[in-house]
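Heads up: the structure comes next, in structure tokens.
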Amino acid sequence: MAATKTQALQCDPNALDALIKVWQTAHDTVETNLDKTSNEYRQSSDWWTGKTGDRARDTATQTVDAGRTFTGDLSTAITTLGQDRDAIWGAKNRATQSISAAVQAKYEVAEDGTVEPSPDAQLAATTSLDNPTDRANAIAALKKYGKDTFETPIKTALTDLGTAVEAATGHINTALEHSGSVATIAADAPAKLDPSRMLTGDQGKIDGETIADGKLSDDERQRILEHLRLTGLTEEQLTALREGRDATIPQSTMDYLTNLYDKSGRDGLIELSQSLKADGSPQATELRQGLANGMLTLSNEQVVSRDAQGKVTDRGGFNKLNSEVREIIGTRPNIDGAPDSNTRDLPDDYRSGFFGPNMDNTSAIREYTKDVDGFADFLSGADKDYQPGDRLGVELGRQAAHQAWILDHGGYGDFEGTKLPDHEALGHTEDSAQKFLGLAARNHEADYALLTGNGSEELFGKDTPGQSWHPYDRDSAIQSLMTHEWKDDGAAFGTMVEWTAADATSADSTRSEHAGEAAGALAKLMSTTHAGNGSNVYDSLMNVPGHDNQSFGQVNPLAAQGVAAALSPFASDIVGTPSNITGTHGFPSESLGPVEATRLFSVLDGDPAASARINGAALFQADQLDRKFADSGSLSSPEQVDLGHYSGRLRGVVDAGMNAQVADLNLNETDRAKALTDQKSAAYGVAQNLIGVAGIAGTPGGVGGPIVQAVSEYYKNPLTSVDPDYGGRTPGTNIGTDYNLEQSGTLGNRRYNMLAQLIDSGRVNPYALPNDVQQVMFTSTDGGAPTLEPYIVAAADPNSAGILDRNLPGLLDSYGVSHDGQQNYLANGDQAAGIYSRIVSNGTQDGQQEFKRLTTDELERQGYNTWTTTR
């Protein structure tokens, strides 16, 4: 695939030099140590005799041989990368030289290398010509010259550059493909050197049977604990699993864990877990955690064992678990028509009736919910760095949603035949649902499947004996998780979604794509009035059933904050901004219209911190688009002017979302006005903090990257909060000025952003500005250096605002951002922001009727859910 103009200008082939240096250092270090190890163990035969010495030398020989393969691969890769680097440099230089020549000849170069004569060039070629035919011929000749002289070499070089970069990427990814045996040798070496460290399947069987017996002596506890310590994963292995890579363990460890949990069974683990928890001693606590860690390890499809050649011979997974364990997690009984049910009744071990273990439905439900809660309590005791496998994570998440639905739809009264709430059973179900959701949230691949519905039929449980199967009902499951009132205020659900913020900028294309797809699926569901299950999800989030018209953000504030963090890098995608501008991947293009975007923002405005997060990210991205236009404002091309349109959409959706949310509150006029000002103030504070994180954004054509990176970095610890106590001031800044709702997004504000970018990027010397402008825009630090003020401070009074309004248009024009370019950009922004007035009016008016329209499909039927365009 051909590279783009921006990639040609920005790519740095020297980055490969850094990798080559690291690999060369690793190669030399490993070679030195392999030589030393080989010599020492070979010489040990003179003094270290017997089976132990022979075993050590055999292990050393295997290790050295595997290491030689590794260093051989490195040596080949180093040579290949050097060739790749030279090829990239050559293509880059040819491209940039041809681009520079075209620009100097007054041609404009598009991202794909297409060359067109600039307006100035066309004007110069036709100024002296009066005849229209002569002018047309002159322009045609100009275009032909540009294509023949510049476009062909530019596009050829861009193609060569794209090919060279793809080749280098492939060589990096396959550099160590023949070195898989290194992991096997490393995993098996400790046990080969010290047989006491080797676990066996027979030991697992004995330990499992001991647990199943139910009464462990102190010696038996210690024995099992010591065995489990040998199954623990290293930090490197845990990191690999979090990143979706394989972690290799000895086959003997895999056999031990398989037999341990097969023989201990569900009941044995529940009973031992409760006993150890009641004991509370350090030994008991470590043993309980070790048992939970081991089960999560065994469930993980990325945990593998390999043969001596590095080939995978065994793999963890859901089917490795005991059948009773799989049943209690994966069975979703049909209680009162629960939509994700997969059996008509409880699991066999709990069914009531003449031949059942329980005499009536009440005792059956209580026994079942007690054991489900007990097992959830056991499994949730695992170290937080351990995660379930993909299939187990999906089953846990579906079970949590199933139980949340039961809790919110009458509980077990109908099933028990009492019509009365069974507080004991409901309490167990509340606890188990909370713990299952927290466990599911640890695995991002499972979260992705649950949020999007993407995944194989096997991942979603097809062909499971004893269970009916139907396609996963994503809409019902996620809606149940969002509308249930969680004891942790929705923190677990927040964790389930907020990973998309960090993965939005991942170098791993699969992770970044999955982040965008999950964010897009969540945004679409939250903003719909007609979900796949027929439900009005938006209305249920604005007025959560059974909670006296409270919204999602009020019922589950930490869930709302997690969703806001998850969607913040995608704020521009939500308003239909193309991915080449947003810098994100995977978010479906224009999957939401302005009506849906308004709904989505209004849902998140229900919690102060969530509102500040999503609105702050939107305002920040709008400001950055103003700045990016200034970087290339001298071009004034349609693509650059379009940035104003997307900036206007972002500012407009912030206001529209707040207007809708405030309208839903049905406040008096004074309180409505204050609520809007307070929310906008908090959002502006977040936007200013994000500007501090972002620094100076990248070059033209690379709009999205720095913006998304800043938002992603800001939310790496996403549940650290913005101060939710609105007071009309900007939190997180030292502004100390009452927020003026009328100033944000004005022409003056946007021109100020443009000039600020020219100053920050070094294109404008602050001291070259008129004195009165300097006095308004800057404050001096203790060292005397000028510091640029935020716009609301610079324009805090009419006199200061007037100075900026009078001077900024001309200053921008003098520094290359033409009057016409400014006018077109700003007009596009106003046009784009204006579309929201058809959806919901200013919140200081009575918006109840307009809010009610948002909860129906009336606006879509009237054609208001389509974005306006500039061309």
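Residues are referred to by chain and number: the chain letter is A, B, ... according to the order shown in the structure tokens, the number counts from 1 in that chain, and ligands are numbered separately from 1 in the order shown.
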
Would you kindly return, as a PyMOL selection string, each protein, DNA or RNA residue with an atom no farther than 10 Å from any atom of A:Ser341, considering only C-alpha atoms and excluding same-chain residues fewer than 2 positions away?
chain A and resi 331-339+343-345+398-399+402+467-470

Okay, now the selection with C-alpha atoms, as a PDB file, in the first residue's frame?
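Just written: out-v7.pdb:
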ATOM      1  CA  THR A 331     -25.978 -22.339  33.081  1.00  0.00           C
ATOM      2  CA  ARG A 332     -28.499 -19.507  32.860  1.00  0.00           C
ATOM      3  CA  PRO A 333     -31.876 -20.916  33.991  1.00  0.00           C
ATOM      4  CA  ASN A 334     -35.098 -19.499  32.598  1.00  0.00           C
ATOM      5  CA  ILE A 335     -36.322 -17.418  35.513  1.00  0.00           C
ATOM      6  CA  ASP A 336     -39.431 -15.479  34.518  1.00  0.00           C
ATOM      7  CA  GLY A 337     -38.428 -15.300  30.836  1.00  0.00           C
ATOM      8  CA  ALA A 338     -34.883 -13.998  31.256  1.00  0.00           C
ATOM      9  CA  PRO A 339     -33.757 -13.223  27.671  1.00  0.00           C
ATOM     10  CA  THR A 343     -31.861 -24.019  30.195  1.00  0.00           C
ATOM     11  CA  ARG A 344     -35.461 -24.451  31.335  1.00  0.00           C
ATOM     12  CA  ASP A 345     -34.493 -25.288  34.896  1.00  0.00           C
ATOM     13  CA  ARG A 398     -23.250 -13.151  30.444  1.00  0.00           C
ATOM     14  CA  GLN A 399     -23.995 -14.691  33.825  1.00  0.00           C
ATOM     15  CA  HIS A 402     -28.478 -12.636  33.375  1.00  0.00           C
ATOM     16  CA  GLN A 467     -27.756 -26.195  27.112  1.00  0.00           C
ATOM     17  CA  SER A 468     -29.862 -24.704  24.357  1.00  0.00           C
ATOM     18  CA  TRP A 469     -28.094 -22.221  22.127  1.00  0.00           C
ATOM     19  CA  HIS A 470     -29.159 -18.962  20.557  1.00  0.00           C
TER      20      HIS A 470
END

Do you know which residues are at most 12 Å from A:Leu407 counting only C-alpha atoms, after dropping those on the same chain fewer than 5 positions away, and could you put them as a ChimeraX atom specification?
/A:335-336,338,400-402,412-413,421-423,425-434,480-481,483-486,546

All residues 12 Å or closer to A:Asp86, only C-alpha atoms, same chain fewer than 2 positions away omitted, as JSON, numbers by chain:
{"A": [12, 13, 14, 15, 16, 17, 79, 80, 81, 82, 83, 84, 88, 89, 90, 91, 92, 93, 161, 164, 165, 168]}

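Atom pair atom CA of A:Lys384 / atom CA of A:Ile249 has a distance of 20.0 Å (rounded to one decimal).
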
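Minimum distance to A:Glu517 across A:Ser589, A:Gln283, A:Ser380, A:Thr156 (counting only C-alpha atoms) occurs at A:Ser589.
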